[in-house]
Amino acid sequence: MEGSTLQPFTNGQDIPVTRDHYETFAGIVSFQLTSDEASRLQNGPLYLWLSGSTPEIVLQENEDGWFVKPELNTSRMSAGNTLKIKFWTIQRGVLSDNYTPELTIRNPSAEELGQYKNPPLSLNGSGVPDTGLTIGTFTRISTGVGEIEVTANSITIAQLPTFRQWAQSQVYFLGGNWYNGEGQGQPIPSISNGFTILLWVDKNLPPAPTWDDVKNLLGGYAGIYPGMRDILDIGDEVIVNNPTHAQSMVDRMSLPVYDPGYMPVTRDMSPADSQLIISYLQSVLGSVTT
C-alpha cells in the first residue's frame with residue numbers, strides 16, 4: 001500500500017479456497033516478485049484482501065514490518081520450575097534488535113473468545129492468583145534473539161476459584177506488547193497469540209493414600225469425560241478397586257507422558273497427583289511404591 005492506495009503485485013493471483021487446492025498445497029501460494037516490488041516491501045507492509053469493487057483487507061503485516069516468533073505456546077509447571085521462553089524479533093524479514101518483547105499475564109477478552117464459540121466462552125477466574133508466576137524481562141542472546149524467564153511459584157487449592165479446585169491447577173494466559181489481539185494498539189503479528197501455562201498446586205502427598213484422597217480427582221475426570229464411563233468408570237470406587245482395572249490404570253499412567261497411550265490423555269494432571277493415584281492403585285494391588 002502506498003499512501004492509501006493498494007498496490008497489487010504484478011504476478012499476484014487470486015487464492016483458491018477449494019478443498020482440493022488446500023489438500024494439495026496446504027494453503028500455501030507462491031509467486032515471483034519484481035525487483036521493484038522486493039524493494040518496496042522494505043518500506044511498506046503486506047496486505048491480503050478480498051477482491052471486489054471495494055477491496056476488504058483481511059490480513060496485514062504490522063505497519064513497521066515487525067514479526068515476533070516465540071519458541072513455544074504452552075507449558076506445564078510445578079512450583080519452583082523455571083521456563084525460558086525464546087523470542088525472535090524480525091523486521092521486514094531480517095533479525096533485528098530494535099524491538100523488545102514484553103510478557104505479562106493477559107486473559108483473552110470476551111470479544112476474542114467469542115469468535116470461537118457462540119455464546120462466547122468465559123475465562124473468568126483464570127490467572128488467579130496472579131502471584132502464581134514471576135515473569136522476568138527480555139534478555140538479549142544474539143541479534144534478533146532473546147528470552148524471558150518465567151518462574152512458577154507455590155499456590156494452594158484455597159487460592160483457586162471453586163471451579164478449578166477439583167483439578168488442583170490453574171491456567172495462566174500470557175501476552176504482551178507483541179500480542180496480536182484486541183486492545184493492544186497496532187498489533188504485531190506472531191505465530192502464536194500468546195502462551196498458556198498450566199500451574200499445578202503445590203502439595204504434600206500422604207504416605208498411604210486412601211480412596212478419600214483420590215476420589216475427587218478421579219471423579220472430576222469421570223465427570224468431564226462421561227464417555228469413558230462406558231469403558232471404565234474411574235469415579236466408581238468399586239470399579240477402580242477391581243485389581244484388573246487397577247492394573248490397567250497403573251499401566252497407562254506409568255507410560256512416558258508423550259506416549260499416545262498415556263492417561264489422562266489431556267496431560268493436565270500434575271506429576272504429584274499422578275503419583276498419588278498410582279500409589280493408591282498399587283496399594284489396591286498389594287504392592288508398595290518405592
# chains A, B, ... in the order shown; residues from 1 in each chain; ligands from 1

call {"tool": "residues_around", "arguments": {"residues": "Gly175 of chain A", "least_positions_apart": "5", "cutoff": "7 Å", "atoms": "only C-alpha atoms", "output": "VMD selection string"}}
result
chain A and resid 103 to 106 194 to 195

call {"tool": "write_last_selection", "arguments": {"atoms": "N, CA and C atoms", "output": "PDB file, in the first residue's frame"}}
result
ATOM      1  N   LEU A 103       6.246  -9.571  28.416  1.00  0.00           N
ATOM      2  CA  LEU A 103       5.372 -10.702  28.719  1.00  0.00           C
ATOM      3  C   LEU A 103       4.646 -10.415  30.022  1.00  0.00           C
ATOM      4  N   THR A 104       3.318 -10.520  30.006  1.00  0.00           N
ATOM      5  CA  THR A 104       2.506 -10.283  31.194  1.00  0.00           C
ATOM      6  C   THR A 104       1.359 -11.293  31.222  1.00  0.00           C
ATOM      7  N   ILE A 105       0.736 -11.447  32.388  1.00  0.00           N
ATOM      8  CA  ILE A 105      -0.481 -12.255  32.472  1.00  0.00           C
ATOM      9  C   ILE A 105      -1.590 -11.471  31.790  1.00  0.00           C
ATOM     10  N   ARG A 106      -2.179 -12.055  30.779  1.00  0.00           N
ATOM     11  CA  ARG A 106      -3.187 -11.348  29.996  1.00  0.00           C
ATOM     12  C   ARG A 106      -4.247 -12.333  29.528  1.00  0.00           C
ATOM     13  N   GLY A 194      -0.123 -15.752  22.006  1.00  0.00           N
ATOM     14  CA  GLY A 194       0.127 -15.786  23.432  1.00  0.00           C
ATOM     15  C   GLY A 194       0.454 -17.189  23.913  1.00  0.00           C
ATOM     16  N   PHE A 195       0.736 -17.290  25.190  1.00  0.00           N
ATOM     17  CA  PHE A 195       1.097 -18.563  25.799  1.00  0.00           C
ATOM     18  C   PHE A 195       0.044 -18.980  26.810  1.00  0.00           C
TER      19      PHE A 195
END

call {"tool": "select_by_dssp", "arguments": {"residues": "segment 16-123 of chain A", "states": "strand (DSSP E or B)", "output": "JSON, numbers by chain"}}
result
{"A": [47, 48, 49, 50, 56, 57, 58, 59, 60, 66, 67, 68, 69, 70, 74, 75, 76, 77, 82, 83, 84, 85, 86, 87, 88, 89, 90, 91, 94, 95, 104, 105]}

call {"tool": "residues_around", "arguments": {"residues": "Leu46 of chain A", "least_positions_apart": "4", "cutoff": "9 Å", "atoms": "only C-alpha atoms", "output": "NGL selection string"}}
result
:A and (1 or 41 or 59-63 or 65)

call {"tool": "atom_distance", "arguments": {"atom1": "atom CA of Asn241 of chain A", "atom2": "atom CA of Leu281 of chain A"}}
result
7.6 Å

call {"tool": "residues_around", "arguments": {"residues": "Thr134 of chain A", "least_positions_apart": "6", "cutoff": "9 Å", "atoms": "only C-alpha atoms", "output": "PyMOL selection string"}}
result
chain A and resi 149-153

call {"tool": "residues_around", "arguments": {"residues": "Arg76 of chain A", "least_positions_apart": "6", "cutoff": "8 Å", "atoms": "only C-alpha atoms", "output": "list of chain:residue names"}}
result
A:Ile197, A:Leu198, A:Leu199, A:Trp200, A:Asp268

call {"tool": "closest_residue", "arguments": {"among": "A:Gly146, A:Gly227, A:Gly80, A:Pro45", "to": "Leu133 of chain A", "atoms": "only C-alpha atoms"}}
result
A:Gly80

call {"tool": "closest_residue", "arguments": {"among": "A:Ala26, A:Leu276, A:Leu83, A:Leu72", "to": "Asp212 of chain A", "atoms": "only C-alpha atoms"}}
result
A:Leu276

call {"tool": "residues_around", "arguments": {"residues": "Tyr262 of chain A", "least_positions_apart": "5", "cutoff": "8 Å", "atoms": "only C-alpha atoms", "output": "list in words"}}
result
Arg252, Met253, Ser254, Leu255, Pro256 and Val257 of chain A

call {"tool": "write_last_selection", "arguments": {"atoms": "C-alpha atoms", "output": "PDB file, in the first residue's frame"}}
result
ATOM      1  CA  ARG A 252      -1.487 -46.372  31.326  1.00  0.00           C
ATOM      2  CA  MET A 253      -0.490 -43.775  33.915  1.00  0.00           C
ATOM      3  CA  SER A 254       3.075 -45.137  34.127  1.00  0.00           C
ATOM      4  CA  LEU A 255       3.775 -44.647  30.418  1.00  0.00           C
ATOM      5  CA  PRO A 256       6.017 -41.746  29.299  1.00  0.00           C
ATOM      6  CA  VAL A 257       3.898 -38.595  29.167  1.00  0.00           C
TER       7      VAL A 257
END
